[in-house]
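**Q** Provided below: model-v5.json, containing JSON, N, CA and C atoms.
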```
[["chain", "number", "residue", "atom", "x", "y", "z"],
["D", 260, "MET", "N", -23.68, -17.14, -187.56],
["D", 260, "MET", "CA", -24.75, -17.46, -186.63],
["D", 260, "MET", "C", -24.29, -17.06, -185.24],
["D", 261, "ASN", "N", -25.17, -16.37, -184.52],
["D", 261, "ASN", "CA", -24.78, -15.96, -183.18],
["D", 261, "ASN", "C", -24.89, -17.12, -182.20],
["D", 262, "LYS", "N", -24.32, -16.94, -181.02],
["D", 262, "LYS", "CA", -24.25, -18.01, -180.03],
["D", 262, "LYS", "C", -25.63, -18.46, -179.55],
["D", 263, "VAL", "N", -26.57, -17.51, -179.39],
["D", 263, "VAL", "CA", -27.91, -17.85, -178.92],
["D", 263, "VAL", "C", -28.60, -18.75, -179.93],
["D", 264, "ALA", "N", -28.50, -18.42, -181.20],
["D", 264, "ALA", "CA", -29.14, -19.23, -182.23],
["D", 264, "ALA", "C", -28.55, -20.63, -182.27],
["D", 265, "SER", "N", -27.22, -20.73, -182.12],
["D", 265, "SER", "CA", -26.62, -22.05, -182.17],
["D", 265, "SER", "C", -27.03, -22.91, -180.98],
["D", 266, "VAL", "N", -27.26, -22.27, -179.83],
["D", 266, "VAL", "CA", -27.72, -23.02, -178.66],
["D", 266, "VAL", "C", -29.14, -23.51, -178.89],
["D", 267, "LYS", "N", -30.00, -22.68, -179.46],
["D", 267, "LYS", "CA", -31.38, -23.08, -179.71],
["D", 267, "LYS", "C", -31.47, -24.20, -180.72],
["D", 268, "ASN", "N", -30.53, -24.23, -181.67],
["D", 268, "ASN", "CA", -30.54, -25.28, -182.70],
["D", 268, "ASN", "C", -29.93, -26.58, -182.21],
["D", 269, "SER", "N", -29.22, -26.55, -181.10],
["D", 269, "SER", "CA", -28.63, -27.78, -180.60],
["D", 269, "SER", "C", -29.74, -28.68, -180.05],
["D", 270, "LYS", "N", -29.47, -29.95, -180.06],
["D", 270, "LYS", "CA", -30.47, -30.90, -179.58],
["D", 270, "LYS", "C", -30.64, -30.77, -178.07],
["D", 271, "ASP", "N", -31.89, -30.58, -177.63],
["D", 271, "ASP", "CA", -32.16, -30.48, -176.20],
["D", 271, "ASP", "C", -32.04, -31.86, -175.58],
["D", 272, "PRO", "N", -31.31, -31.96, -174.45],
["D", 272, "PRO", "CA", -31.24, -33.26, -173.79],
["D", 272, "PRO", "C", -32.60, -33.65, -173.23],
["D", 273, "GLN", "N", -32.97, -34.88, -173.38],
["D", 273, "GLN", "CA", -34.24, -35.40, -172.88],
["D", 273, "GLN", "C", -34.01, -36.06, -171.53],
["D", 274, "PRO", "N", -34.96, -35.90, -170.61],
["D", 274, "PRO", "CA", -34.82, -36.60, -169.33],
["D", 274, "PRO", "C", -34.85, -38.10, -169.57],
["D", 275, "PRO", "N", -34.19, -38.85, -168.71],
["D", 275, "PRO", "CA", -34.18, -40.31, -168.92],
["D", 275, "PRO", "C", -35.58, -40.89, -168.82],
["D", 276, "LYS", "N", -35.86, -41.85, -169.65],
["D", 276, "LYS", "CA", -37.16, -42.53, -169.62],
["D", 276, "LYS", "C", -37.16, -43.54, -168.48],
["D", 277, "ILE", "N", -38.29, -43.65, -167.82],
["D", 277, "ILE", "CA", -38.44, -44.62, -166.73],
["D", 277, "ILE", "C", -39.07, -45.87, -167.33],
["D", 278, "GLU", "N", -38.49, -47.00, -167.03],
["D", 278, "GLU", "CA", -39.06, -48.27, -167.47],
["D", 278, "GLU", "C", -39.91, -48.82, -166.34],
["D", 279, "PHE", "N", -41.16, -49.13, -166.66],
["D", 279, "PHE", "CA", -42.11, -49.63, -165.67],
["D", 279, "PHE", "C", -42.28, -51.13, -165.82],
["D", 280, "PRO", "N", -42.47, -51.85, -164.73],
["D", 280, "PRO", "CA", -42.46, -51.37, -163.35],
["D", 280, "PRO", "C", -41.05, -50.96, -162.94],
["D", 281, "CYS", "N", -40.98, -49.99, -162.04],
["D", 281, "CYS", "CA", -39.71, -49.43, -161.58],
["D", 281, "CYS", "C", -39.60, -49.62, -160.07],
["D", 282, "ALA", "N", -38.80, -50.60, -159.67],
["D", 282, "ALA", "CA", -38.59, -50.85, -158.25],
["D", 282, "ALA", "C", -37.73, -49.75, -157.66],
["D", 283, "ASP", "N", -37.88, -49.49, -156.39],
["D", 283, "ASP", "CA", -37.08, -48.50, -155.66],
["D", 283, "ASP", "C", -37.21, -47.09, -156.23],
["D", 284, "TYR", "N", -38.41, -46.74, -156.67],
["D", 284, "TYR", "CA", -38.66, -45.39, -157.16],
["D", 284, "TYR", "C", -38.76, -44.46, -155.95],
["D", 285, "PRO", "N", -37.88, -43.46, -155.85],
["D", 285, "PRO", "CA", -37.89, -42.61, -154.65],
["D", 285, "PRO", "C", -39.03, -41.60, -154.66],
["D", 286, "ILE", "N", -39.68, -41.44, -153.53],
["D", 286, "ILE", "CA", -40.75, -40.46, -153.35],
["D", 286, "ILE", "C", -40.43, -39.67, -152.08],
["D", 287, "LYS", "N", -40.55, -38.36, -152.18],
["D", 287, "LYS", "CA", -40.39, -37.49, -151.01],
["D", 287, "LYS", "C", -41.61, -36.59, -150.96],
["D", 288, "VAL", "N", -42.34, -36.65, -149.86],
["D", 288, "VAL", "CA", -43.56, -35.87, -149.68],
["D", 288, "VAL", "C", -43.30, -34.86, -148.57],
["D", 289, "ILE", "N", -43.53, -33.59, -148.88],
["D", 289, "ILE", "CA", -43.28, -32.52, -147.91],
["D", 289, "ILE", "C", -44.60, -31.84, -147.58],
["D", 290, "GLY", "N", -44.84, -31.69, -146.28],
["D", 290, "GLY", "CA", -46.07, -31.05, -145.84],
["D", 290, "GLY", "C", -45.86, -30.35, -144.51],
["D", 291, "HIS", "N", -46.93, -29.81, -143.99],
["D", 291, "HIS", "CA", -46.87, -29.12, -142.70],
["D", 291, "HIS", "C", -46.62, -30.15, -141.60],
["D", 292, "ASN", "N", -45.81, -29.78, -140.64],
["D", 292, "ASN", "CA", -45.40, -30.69, -139.58],
["D", 292, "ASN", "C", -46.52, -30.83, -138.56],
["D", 293, "THR", "N", -47.32, -31.87, -138.74],
["D", 293, "THR", "CA", -48.37, -32.20, -137.77],
["D", 293, "THR", "C", -48.12, -33.62, -137.28],
["D", 294, "SER", "N", -48.73, -33.96, -136.17],
["D", 294, "SER", "CA", -48.50, -35.28, -135.59],
["D", 294, "SER", "C", -49.01, -36.40, -136.49],
["D", 295, "GLU", "N", -50.02, -36.12, -137.33],
["D", 295, "GLU", "CA", -50.58, -37.18, -138.17],
["D", 295, "GLU", "C", -50.07, -37.18, -139.61],
["D", 296, "PHE", "N", -49.13, -36.28, -139.96],
["D", 296, "PHE", "CA", -48.70, -36.16, -141.35],
["D", 296, "PHE", "C", -48.07, -37.45, -141.89],
["D", 297, "LYS", "N", -47.15, -38.03, -141.16],
["D", 297, "LYS", "CA", -46.49, -39.26, -141.63],
["D", 297, "LYS", "C", -47.51, -40.38, -141.82],
["D", 298, "ASP", "N", -48.42, -40.54, -140.88],
["D", 298, "ASP", "CA", -49.45, -41.58, -140.99],
["D", 298, "ASP", "C", -50.34, -41.34, -142.22],
["D", 299, "TYR", "N", -50.68, -40.08, -142.47],
["D", 299, "TYR", "CA", -51.48, -39.75, -143.66],
["D", 299, "TYR", "C", -50.74, -40.17, -144.94],
["D", 300, "VAL", "N", -49.46, -39.81, -145.02],
["D", 300, "VAL", "CA", -48.66, -40.15, -146.20],
["D", 300, "VAL", "C", -48.63, -41.66, -146.40],
["D", 301, "LEU", "N", -48.42, -42.41, -145.34],
["D", 301, "LEU", "CA", -48.35, -43.87, -145.45],
["D", 301, "LEU", "C", -49.70, -44.48, -145.83],
["D", 302, "GLN", "N", -50.81, -43.89, -145.37],
["D", 302, "GLN", "CA", -52.14, -44.37, -145.77],
["D", 302, "GLN", "C", -52.34, -44.22, -147.27],
["D", 303, "VAL", "N", -51.97, -43.07, -147.79],
["D", 303, "VAL", "CA", -52.12, -42.84, -149.24],
["D", 303, "VAL", "C", -51.19, -43.77, -150.01],
["D", 304, "MET", "N", -49.96, -43.89, -149.56],
["D", 304, "MET", "CA", -49.00, -44.74, -150.26],
["D", 304, "MET", "C", -49.45, -46.19, -150.30],
["D", 305, "ALA", "N", -50.12, -46.65, -149.26],
["D", 305, "ALA", "CA", -50.59, -48.04, -149.21],
["D", 305, "ALA", "C", -51.57, -48.34, -150.34],
["D", 306, "LYS", "N", -52.30, -47.32, -150.81],
["D", 306, "LYS", "CA", -53.22, -47.52, -151.93],
["D", 306, "LYS", "C", -52.48, -47.70, -153.25],
["D", 307, "TYR", "N", -51.28, -47.15, -153.34],
["D", 307, "TYR", "CA", -50.54, -47.17, -154.59],
["D", 307, "TYR", "C", -49.44, -48.22, -154.62],
["D", 308, "ASP", "N", -49.00, -48.69, -153.47],
["D", 308, "ASP", "CA", -47.98, -49.74, -153.39],
["D", 308, "ASP", "C", -48.25, -50.57, -152.14],
["D", 309, "GLN", "N", -48.94, -51.68, -152.33],
["D", 309, "GLN", "CA", -49.32, -52.54, -151.21],
["D", 309, "GLN", "C", -48.11, -53.21, -150.56],
["D", 310, "HIS", "N", -46.96, -53.18, -151.24],
["D", 310, "HIS", "CA", -45.76, -53.84, -150.72],
["D", 310, "HIS", "C", -44.71, -52.83, -150.26],
["D", 311, "LEU", "N", -45.13, -51.63, -149.93],
["D", 311, "LEU", "CA", -44.21, -50.59, -149.48],
["D", 311, "LEU", "C", -43.43, -51.09, -148.27],
["D", 312, "ASP", "N", -42.11, -50.98, -148.34],
["D", 312, "ASP", "CA", -41.24, -51.44, -147.26],
["D", 312, "ASP", "C", -41.16, -50.35, -146.19],
["D", 313, "LEU", "N", -41.90, -50.54, -145.11],
["D", 313, "LEU", "CA", -41.97, -49.54, -144.04],
["D", 313, "LEU", "C", -40.63, -49.34, -143.32],
["D", 314, "LYS", "N", -39.74, -50.32, -143.42],
["D", 314, "LYS", "CA", -38.42, -50.19, -142.80],
["D", 314, "LYS", "C", -37.57, -49.14, -143.51],
["D", 315, "ARG", "N", -37.92, -48.84, -144.76],
["D", 315, "ARG", "CA", -37.15, -47.87, -145.54],
["D", 315, "ARG", "C", -37.78, -46.47, -145.55],
["D", 316, "VAL", "N", -38.83, -46.29, -144.77],
["D", 316, "VAL", "CA", -39.50, -44.98, -144.69],
["D", 316, "VAL", "C", -38.78, -44.15, -143.64],
["D", 317, "THR", "N", -38.40, -42.93, -144.03],
["D", 317, "THR", "CA", -37.77, -42.01, -143.08],
["D", 317, "THR", "C", -38.52, -40.68, -143.11],
["D", 318, "HIS", "N", -38.35, -39.92, -142.05],
["D", 318, "HIS", "CA", -38.94, -38.58, -142.03],
["D", 318, "HIS", "C", -37.97, -37.63, -141.36],
["D", 319, "GLN", "N", -38.11, -36.35, -141.72],
["D", 319, "GLN", "CA", -37.24, -35.33, -141.17],
["D", 319, "GLN", "C", -38.02, -34.03, -141.10],
["D", 320, "ASP", "N", -37.80, -33.31, -140.01],
["D", 320, "ASP", "CA", -38.43, -32.00, -139.84],
["D", 320, "ASP", "C", -37.50, -30.92, -140.37],
["D", 321, "SER", "N", -38.09, -29.83, -140.85],
["D", 321, "SER", "CA", -37.30, -28.69, -141.31],
["D", 321, "SER", "C", -36.60, -28.03, -140.13],
["D", 322, "LYS", "N", -35.62, -27.18, -140.43],
["D", 322, "LYS", "CA", -34.87, -26.51, -139.36],
["D", 322, "LYS", "C", -35.76, -25.75, -138.39],
["D", 323, "ASN", "N", -36.78, -25.07, -138.92],
["D", 323, "ASN", "CA", -37.66, -24.30, -138.04],
["D", 323, "ASN", "C", -38.84, -25.12, -137.52],
["D", 324, "GLY", "N", -38.94, -26.38, -137.95],
["D", 324, "GLY", "CA", -39.99, -27.27, -137.46],
["D", 324, "GLY", "C", -41.35, -27.07, -138.10],
["D", 325, "LYS", "N", -41.44, -26.21, -139.08],
["D", 325, "LYS", "CA", -42.73, -25.93, -139.72],
["D", 325, "LYS", "C", -43.16, -27.04, -140.70],
["D", 326, "PHE", "N", -42.18, -27.68, -141.34],
["D", 326, "PHE", "CA", -42.47, -28.70, -142.34],
["D", 326, "PHE", "C", -41.87, -30.04, -141.95],
["D", 327, "ARG", "N", -42.44, -31.09, -142.53],
["D", 327, "ARG", "CA", -41.92, -32.45, -142.35],
["D", 327, "ARG", "C", -41.84, -33.10, -143.72],
["D", 328, "SER", "N", -40.75, -33.81, -143.97],
["D", 328, "SER", "CA", -40.64, -34.57, -145.21],
["D", 328, "SER", "C", -40.64, -36.06, -144.87],
["D", 329, "VAL", "N", -41.32, -36.82, -145.70],
["D", 329, "VAL", "CA", -41.38, -38.27, -145.55],
["D", 329, "VAL", "C", -40.80, -38.86, -146.83],
["D", 330, "ARG", "N", -39.79, -39.70, -146.68],
["D", 330, "ARG", "CA", -39.13, -40.33, -147.83],
["D", 330, "ARG", "C", -39.35, -41.82, -147.81],
["D", 331, "MET", "N", -39.57, -42.36, -149.01],
["D", 331, "MET", "CA", -39.78, -43.79, -149.13],
["D", 331, "MET", "C", -39.46, -44.22, -150.55],
["D", 332, "TYR", "N", -39.48, -45.51, -150.79],
["D", 332, "TYR", "CA", -39.23, -46.08, -152.10],
["D", 332, "TYR", "C", -40.39, -46.98, -152.44],
["D", 333, "MET", "N", -40.94, -46.80, -153.63],
["D", 333, "MET", "CA", -42.09, -47.61, -154.04],
["D", 333, "MET", "C", -41.75, -48.34, -155.33],
["D", 334, "THR", "N", -42.58, -49.29, -155.68],
["D", 334, "THR", "CA", -42.51, -49.90, -156.99],
["D", 334, "THR", "C", -43.54, -49.18, -157.86],
["D", 335, "ALA", "N", -43.04, -48.33, -158.74],
["D", 335, "ALA", "CA", -43.92, -47.56, -159.62],
["D", 335, "ALA", "C", -44.34, -48.44, -160.78],
["D", 336, "GLN", "N", -45.66, -48.54, -161.01],
["D", 336, "GLN", "CA", -46.19, -49.41, -162.05],
["D", 336, "GLN", "C", -46.37, -48.71, -163.39],
["D", 337, "SER", "N", -46.63, -47.39, -163.35],
["D", 337, "SER", "CA", -46.87, -46.65, -164.59],
["D", 337, "SER", "C", -46.75, -45.16, -164.34],
["D", 338, "GLU", "N", -46.62, -44.41, -165.41],
["D", 338, "GLU", "CA", -46.59, -42.96, -165.30],
["D", 338, "GLU", "C", -47.93, -42.45, -164.75],
["D", 339, "GLN", "N", -49.02, -43.07, -165.18],
["D", 339, "GLN", "CA", -50.34, -42.65, -164.71],
["D", 339, "GLN", "C", -50.48, -42.85, -163.20],
["D", 340, "GLN", "N", -49.92, -43.93, -162.69],
["D", 340, "GLN", "CA", -49.95, -44.17, -161.24],
["D", 340, "GLN", "C", -49.25, -43.03, -160.50],
["D", 341, "LEU", "N", -48.12, -42.58, -161.00],
["D", 341, "LEU", "CA", -47.38, -41.49, -160.36],
["D", 341, "LEU", "C", -48.14, -40.17, -160.46],
["D", 342, "ILE", "N", -48.80, -39.94, -161.57],
["D", 342, "ILE", "CA", -49.62, -38.74, -161.75],
["D", 342, "ILE", "C", -50.79, -38.75, -160.76],
["D", 343, "ASP", "N", -51.44, -39.90, -160.65],
["D", 343, "ASP", "CA", -52.58, -40.03, -159.72],
["D", 343, "ASP", "C", -52.14, -39.85, -158.27],
["D", 344, "LEU", "N", -51.02, -40.43, -157.92],
["D", 344, "LEU", "CA", -50.48, -40.31, -156.56],
["D", 344, "LEU", "C", -50.20, -38.83, -156.24],
["D", 345, "ASN", "N", -49.53, -38.16, -157.14],
["D", 345, "ASN", "CA", -49.22, -36.74, -156.94],
["D", 345, "ASN", "C", -50.50, -35.91, -156.82],
["D", 346, "ALA", "N", -51.47, -36.20, -157.66],
["D", 346, "ALA", "CA", -52.74, -35.45, -157.62],
["D", 346, "ALA", "C", -53.47, -35.66, -156.30],
["D", 347, "GLU", "N", -53.46, -36.89, -155.80],
["D", 347, "GLU", "CA", -54.14, -37.15, -154.53],
["D", 347, "GLU", "C", -53.46, -36.41, -153.39],
["D", 348, "PHE", "N", -52.15, -36.43, -153.36],
["D", 348, "PHE", "CA", -51.44, -35.70, -152.32],
["D", 348, "PHE", "C", -51.73, -34.21, -152.41],
["D", 349, "LYS", "N", -51.66, -33.64, -153.59],
["D", 349, "LYS", "CA", -51.87, -32.19, -153.76],
["D", 349, "LYS", "C", -53.30, -31.79, -153.39],
["D", 350, "ALA", "N", -54.28, -32.61, -153.70],
["D", 350, "ALA", "CA", -55.68, -32.30, -153.44],
["D", 350, "ALA", "C", -56.00, -32.31, -151.94],
["D", 351, "SER", "N", -55.16, -32.95, -151.15],
["D", 351, "SER", "CA", -55.44, -33.09, -149.71],
["D", 351, "SER", "C", -55.34, -31.78, -148.95],
["D", 352, "GLY", "N", -54.55, -30.86, -149.43],
["D", 352, "GLY", "CA", -54.30, -29.65, -148.68],
["D", 352, "GLY", "C", -53.26, -29.83, -147.57],
["D", 353, "LYS", "N", -52.83, -31.06, -147.35],
["D", 353, "LYS", "CA", -51.84, -31.37, -146.31],
["D", 353, "LYS", "C", -50.43, -31.38, -146.86],
["D", 354, "VAL", "N", -50.32, -31.50, -148.18],
["D", 354, "VAL", "CA", -49.03, -31.68, -148.82],
["D", 354, "VAL", "C", -48.64, -30.41, -149.56],
["D", 355, "VAL", "N", -47.41, -29.97, -149.36],
["D", 355, "VAL", "CA", -46.89, -28.79, -150.04],
["D", 355, "VAL", "C", -46.30, -29.18, -151.39],
["D", 356, "THR", "N", -45.51, -30.25, -151.41],
["D", 356, "THR", "CA", -44.89, -30.69, -152.66],
["D", 356, "THR", "C", -44.56, -32.18, -152.59],
["D", 357, "VAL", "N", -44.46, -32.78, -153.78],
["D", 357, "VAL", "CA", -44.06, -34.17, -153.91],
["D", 357, "VAL", "C", -42.89, -34.22, -154.88],
["D", 358, "LEU", "N", -41.83, -34.84, -154.46],
["D", 358, "LEU", "CA", -40.65, -34.98, -155.31],
["D", 358, "LEU", "C", -40.40, -36.44, -155.61]]
```
As structure tokens, how would this structure be written, given the file I've shared?
**A**
Amino acid sequence: MNKVASVKNSKDPQPPKIEFPCADYPIKVIGHNTSEFKDYVLQVMAKYDQHLDLKRVTHQDSKNGKFRSVRMYMTAQSEQQLIDLNAEFKASGKVVTVL
């Protein structure tokens, strides 16, 4: 058996399963650097986690200043909640990516 075939037959590692609710679930939202971007992100997050700890929210601008990232920790209730949150951010046109 060649090496490629043996690699394909090996068990693929699975990503770790998240147990819900999941406290301190990290979220990083990256978008265009505008004066209202952070406020927009926090407005959306408030719909998904009413107990978001604002003291733990940080933001950082990219080296060239074109983008801004907002980082926070939420209590994730379900996989569907995370899917919905990501979809809302993406549909806004203000968000480039959500990590």
**Q** Atom N of Lys325 in chain D to atom C of Met304 in chain D: how many Å, to one decimal?
**A** 24.3 Å
**Q** How big is the axis-aligned box around all listed atoms of range 342-348 of chain D once 8 Å goes on each side, and where's its centre, in Å to one decimal, as lines of an AutoDock Vina configuration file?
**A**
```
center_x = -51.5
center_y = -37.3
center_z = -157.0
size_x = 21.3
size_y = 22.2
size_z = 25.4
```
**Q** Counting all atoms listed in the file, find residues at most 6 Å from (-46.0, -30.4, -150.1) (file frame) and give them as a PDB file with N, CA and C atoms, keeping the file's coordinate frame.
**A**
```pdb
ATOM      1  N   VAL D 288     -42.340 -36.650-149.860  1.00  0.00           N
ATOM      2  CA  VAL D 288     -43.560 -35.870-149.680  1.00  0.00           C
ATOM      3  C   VAL D 288     -43.300 -34.860-148.570  1.00  0.00           C
ATOM      4  N   ILE D 289     -43.530 -33.590-148.880  1.00  0.00           N
ATOM      5  CA  ILE D 289     -43.280 -32.520-147.910  1.00  0.00           C
ATOM      6  C   ILE D 289     -44.600 -31.840-147.580  1.00  0.00           C
ATOM      7  N   GLY D 290     -44.840 -31.690-146.280  1.00  0.00           N
ATOM      8  CA  GLY D 290     -46.070 -31.050-145.840  1.00  0.00           C
ATOM      9  C   GLY D 290     -45.860 -30.350-144.510  1.00  0.00           C
ATOM     10  N   LYS D 353     -52.830 -31.060-147.350  1.00  0.00           N
ATOM     11  CA  LYS D 353     -51.840 -31.370-146.310  1.00  0.00           C
ATOM     12  C   LYS D 353     -50.430 -31.380-146.860  1.00  0.00           C
ATOM     13  N   VAL D 354     -50.320 -31.500-148.180  1.00  0.00           N
ATOM     14  CA  VAL D 354     -49.030 -31.680-148.820  1.00  0.00           C
ATOM     15  C   VAL D 354     -48.640 -30.410-149.560  1.00  0.00           C
ATOM     16  N   VAL D 355     -47.410 -29.970-149.360  1.00  0.00           N
ATOM     17  CA  VAL D 355     -46.890 -28.790-150.040  1.00  0.00           C
ATOM     18  C   VAL D 355     -46.300 -29.180-151.390  1.00  0.00           C
ATOM     19  N   THR D 356     -45.510 -30.250-151.410  1.00  0.00           N
ATOM     20  CA  THR D 356     -44.890 -30.690-152.660  1.00  0.00           C
ATOM     21  C   THR D 356     -44.560 -32.180-152.590  1.00  0.00           C
ATOM     22  N   VAL D 357     -44.460 -32.780-153.780  1.00  0.00           N
ATOM     23  CA  VAL D 357     -44.060 -34.170-153.910  1.00  0.00           C
ATOM     24  C   VAL D 357     -42.890 -34.220-154.880  1.00  0.00           C
TER      25      VAL D 357
END
```
**Q** Measuring atom to atom with only C-alpha atoms, identify which of D:Leu358, D:Ile286, D:Ala335, D:Ile342 is nearest to Arg315 in chain D.
**A**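 Smallest distance to Arg315 in chain D is found for D:Ile286.
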**Q** Which residues are near Arg330 in chain D? Cut-off 8 Å, all atoms listed in the file, ignore same chain within fewer than 2 positions. Put them as a ChimeraX atom specification.
**A** /D:285-289,315-319,327-328,332-333
**Q** Please compute the atom C of Asn292 in chain D-atom C of Ser351 in chain D distance, one decimal, in Å.
**A**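 Going from atom C of Asn292 in chain D over to atom C of Ser351 in chain D, I get 13.7 Å.
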**Q** Grab the CA of Ala282 in chain D to CA of Gln336 in chain D distance for me, in Å with one decimal place.
**A**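 Taking CA of Ala282 in chain D as the start and CA of Gln336 in chain D as the end point, the length is 8.6 Å.
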**Q** Out of range 299-348 of chain D, which residues get helix (DSSP H, G or I) from DSSP, as a PyMOL selection string?
**A** chain D and resi 299-307+313-315+338-348
**Q** Keeping N, CA and C atoms, export the residues of the selection given above as a PDB file, in the coordinates of the input.
**A**
```pdb
ATOM      1  N   TYR D 299     -50.680 -40.080-142.470  1.00  0.00           N
ATOM      2  CA  TYR D 299     -51.480 -39.750-143.660  1.00  0.00           C
ATOM      3  C   TYR D 299     -50.740 -40.170-144.940  1.00  0.00           C
ATOM      4  N   VAL D 300     -49.460 -39.810-145.020  1.00  0.00           N
ATOM      5  CA  VAL D 300     -48.660 -40.150-146.200  1.00  0.00           C
ATOM      6  C   VAL D 300     -48.630 -41.660-146.400  1.00  0.00           C
ATOM      7  N   LEU D 301     -48.420 -42.410-145.340  1.00  0.00           N
ATOM      8  CA  LEU D 301     -48.350 -43.870-145.450  1.00  0.00           C
ATOM      9  C   LEU D 301     -49.700 -44.480-145.830  1.00  0.00           C
ATOM     10  N   GLN D 302     -50.810 -43.890-145.370  1.00  0.00           N
ATOM     11  CA  GLN D 302     -52.140 -44.370-145.770  1.00  0.00           C
ATOM     12  C   GLN D 302     -52.340 -44.220-147.270  1.00  0.00           C
ATOM     13  N   VAL D 303     -51.970 -43.070-147.790  1.00  0.00           N
ATOM     14  CA  VAL D 303     -52.120 -42.840-149.240  1.00  0.00           C
ATOM     15  C   VAL D 303     -51.190 -43.770-150.010  1.00  0.00           C
ATOM     16  N   MET D 304     -49.960 -43.890-149.560  1.00  0.00           N
ATOM     17  CA  MET D 304     -49.000 -44.740-150.260  1.00  0.00           C
ATOM     18  C   MET D 304     -49.450 -46.190-150.300  1.00  0.00           C
ATOM     19  N   ALA D 305     -50.120 -46.650-149.260  1.00  0.00           N
ATOM     20  CA  ALA D 305     -50.590 -48.040-149.210  1.00  0.00           C
ATOM     21  C   ALA D 305     -51.570 -48.340-150.340  1.00  0.00           C
ATOM     22  N   LYS D 306     -52.300 -47.320-150.810  1.00  0.00           N
ATOM     23  CA  LYS D 306     -53.220 -47.520-151.930  1.00  0.00           C
ATOM     24  C   LYS D 306     -52.480 -47.700-153.250  1.00  0.00           C
ATOM     25  N   TYR D 307     -51.280 -47.150-153.340  1.00  0.00           N
ATOM     26  CA  TYR D 307     -50.540 -47.170-154.590  1.00  0.00           C
ATOM     27  C   TYR D 307     -49.440 -48.220-154.620  1.00  0.00           C
ATOM     28  N   LEU D 313     -41.900 -50.540-145.110  1.00  0.00           N
ATOM     29  CA  LEU D 313     -41.970 -49.540-144.040  1.00  0.00           C
ATOM     30  C   LEU D 313     -40.630 -49.340-143.320  1.00  0.00           C
ATOM     31  N   LYS D 314     -39.740 -50.320-143.420  1.00  0.00           N
ATOM     32  CA  LYS D 314     -38.420 -50.190-142.800  1.00  0.00           C
ATOM     33  C   LYS D 314     -37.570 -49.140-143.510  1.00  0.00           C
ATOM     34  N   ARG D 315     -37.920 -48.840-144.760  1.00  0.00           N
ATOM     35  CA  ARG D 315     -37.150 -47.870-145.540  1.00  0.00           C
ATOM     36  C   ARG D 315     -37.780 -46.470-145.550  1.00  0.00           C
ATOM     37  N   GLU D 338     -46.620 -44.410-165.410  1.00  0.00           N
ATOM     38  CA  GLU D 338     -46.590 -42.960-165.300  1.00  0.00           C
ATOM     39  C   GLU D 338     -47.930 -42.450-164.750  1.00  0.00           C
ATOM     40  N   GLN D 339     -49.020 -43.070-165.180  1.00  0.00           N
ATOM     41  CA  GLN D 339     -50.340 -42.650-164.710  1.00  0.00           C
ATOM     42  C   GLN D 339     -50.480 -42.850-163.200  1.00  0.00           C
ATOM     43  N   GLN D 340     -49.920 -43.930-162.690  1.00  0.00           N
ATOM     44  CA  GLN D 340     -49.950 -44.170-161.240  1.00  0.00           C
ATOM     45  C   GLN D 340     -49.250 -43.030-160.500  1.00  0.00           C
ATOM     46  N   LEU D 341     -48.120 -42.580-161.000  1.00  0.00           N
ATOM     47  CA  LEU D 341     -47.380 -41.490-160.360  1.00  0.00           C
ATOM     48  C   LEU D 341     -48.140 -40.170-160.460  1.00  0.00           C
ATOM     49  N   ILE D 342     -48.800 -39.940-161.570  1.00  0.00           N
ATOM     50  CA  ILE D 342     -49.620 -38.740-161.750  1.00  0.00           C
ATOM     51  C   ILE D 342     -50.790 -38.750-160.760  1.00  0.00           C
ATOM     52  N   ASP D 343     -51.440 -39.900-160.650  1.00  0.00           N
ATOM     53  CA  ASP D 343     -52.580 -40.030-159.720  1.00  0.00           C
ATOM     54  C   ASP D 343     -52.140 -39.850-158.270  1.00  0.00           C
ATOM     55  N   LEU D 344     -51.020 -40.430-157.920  1.00  0.00           N
ATOM     56  CA  LEU D 344     -50.480 -40.310-156.560  1.00  0.00           C
ATOM     57  C   LEU D 344     -50.200 -38.830-156.240  1.00  0.00           C
ATOM     58  N   ASN D 345     -49.530 -38.160-157.140  1.00  0.00           N
ATOM     59  CA  ASN D 345     -49.220 -36.740-156.940  1.00  0.00           C
ATOM     60  C   ASN D 345     -50.500 -35.910-156.820  1.00  0.00           C
ATOM     61  N   ALA D 346     -51.470 -36.200-157.660  1.00  0.00           N
ATOM     62  CA  ALA D 346     -52.740 -35.450-157.620  1.00  0.00           C
ATOM     63  C   ALA D 346     -53.470 -35.660-156.300  1.00  0.00           C
ATOM     64  N   GLU D 347     -53.460 -36.890-155.800  1.00  0.00           N
ATOM     65  CA  GLU D 347     -54.140 -37.150-154.530  1.00  0.00           C
ATOM     66  C   GLU D 347     -53.460 -36.410-153.390  1.00  0.00           C
ATOM     67  N   PHE D 348     -52.150 -36.430-153.360  1.00  0.00           N
ATOM     68  CA  PHE D 348     -51.440 -35.700-152.320  1.00  0.00           C
ATOM     69  C   PHE D 348     -51.730 -34.210-152.410  1.00  0.00           C
TER      70      PHE D 348
END
```
**Q** List every residue of chain D that DSSP, applied to the backbone of this structure, assigns to strand (DSSP E), and report them as a PyMOL selection string.
**A** chain D and resi 281-291+317-320+326-335+354-357
**Q** Counting all atoms listed in the file, which residue out of D:Gln273, D:Thr293, D:Gln309, D:Asn345 sits closest to Gly324 in chain D?
**A** D:Thr293
